[in-house]
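This report refers to the structure that appears directly beneath it.
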Amino acid sequence: MQLLKDRGIDPHIIEYLKNPPSVSDIRNLSKKLGLHPKEFIRTREPDFKEQKLSNNLEDSELLFEAMSRYPKIIERPIIVKKNLAVLGRPPENILTLLD
């Protein structure tokens with residue numbers, strides 16, 4: 001976040017734990033990221049393990065639903081600019097959206 005503020009950008013922050021994204025929102029994020037949901041899911045998160053999702057990593061729709069229901073398993077932060085998005089780890093990834 002500091003990287004954005006240093007460049008004079010005041011980001012709009014979505015508190016996804018208070019307002020979990022819908023399945024449609026996550027599907028759109030997947031498209032903007034250009035990633036399969038298994039590529040931006042936190043496999044070490046307890047909710048991921050408790051739901052036994054490791055056997056279903058190829059099932060996009062099941063993962064979208066799980067990510068909506070258990071938002072802690074979504075990799076974060078995700079930075080969105082119009083129709084593109086990047087994972088904010090490492091922070092330098094954000095620079096690709098700023099150029």
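Numbering starts fresh at 1 for the residues of each chain in the structure tokens, the chains themselves are lettered A, B, ... in the order given, and ligands are numbered from 1 as they appear.
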
Worksheet item: Which residues come within 9 Å of region 76-80 of chain A, counting only C-alpha atoms, excluding same-chain residues fewer than 3 positions away, as a PyMOL selection string?
Response: chain A and resi 11+29+32-33+40-42+72-73+83-89+94+97

Worksheet entry | Nearest residue to Leu95 (chain A) from the set A:Glu65, A:Glu39, A:Asp25, A:Asp6 (distances using only C-alpha atoms) |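 Closest candidate: A:Asp6.
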
Discussion item. Give me, as a list of chain:residue names, the residues of chain A that a backbone DSSP run labels strand (DSSP E).
Written reply: A:Ile78, A:Ile79, A:Val80, A:Lys81, A:Leu84, A:Ala85, A:Val86, A:Leu87

Discussion item. What parts of chain A does DSSP call alpha helix (DSSP H)? I'd like the answer as a VMD selection string.
Written reply: chain A and resid 2 to 6 23 to 33 46 to 50 60 to 69 95 to 98

Worksheet item: In Å, how far is it from CA of Asp47 (chain A) to CA of Ser30 (chain A)?
Response: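 These two atoms are separated by 19.9 Å.
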
Fill in: CA of Phe48 (chain A) to CA of Val23 (chain A), distance in Å rounded to a single decimal
16.4 Å

Worksheet item: Which residue, A:Gln51, A:Arg69, A:Asn28, A:Leu62, has the smallest gap to Lys82 (chain A) when you use only C-alpha atoms?
Response: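 Looking only at the distances to Lys82 (chain A), the closest residue turns out to be A:Asn28.
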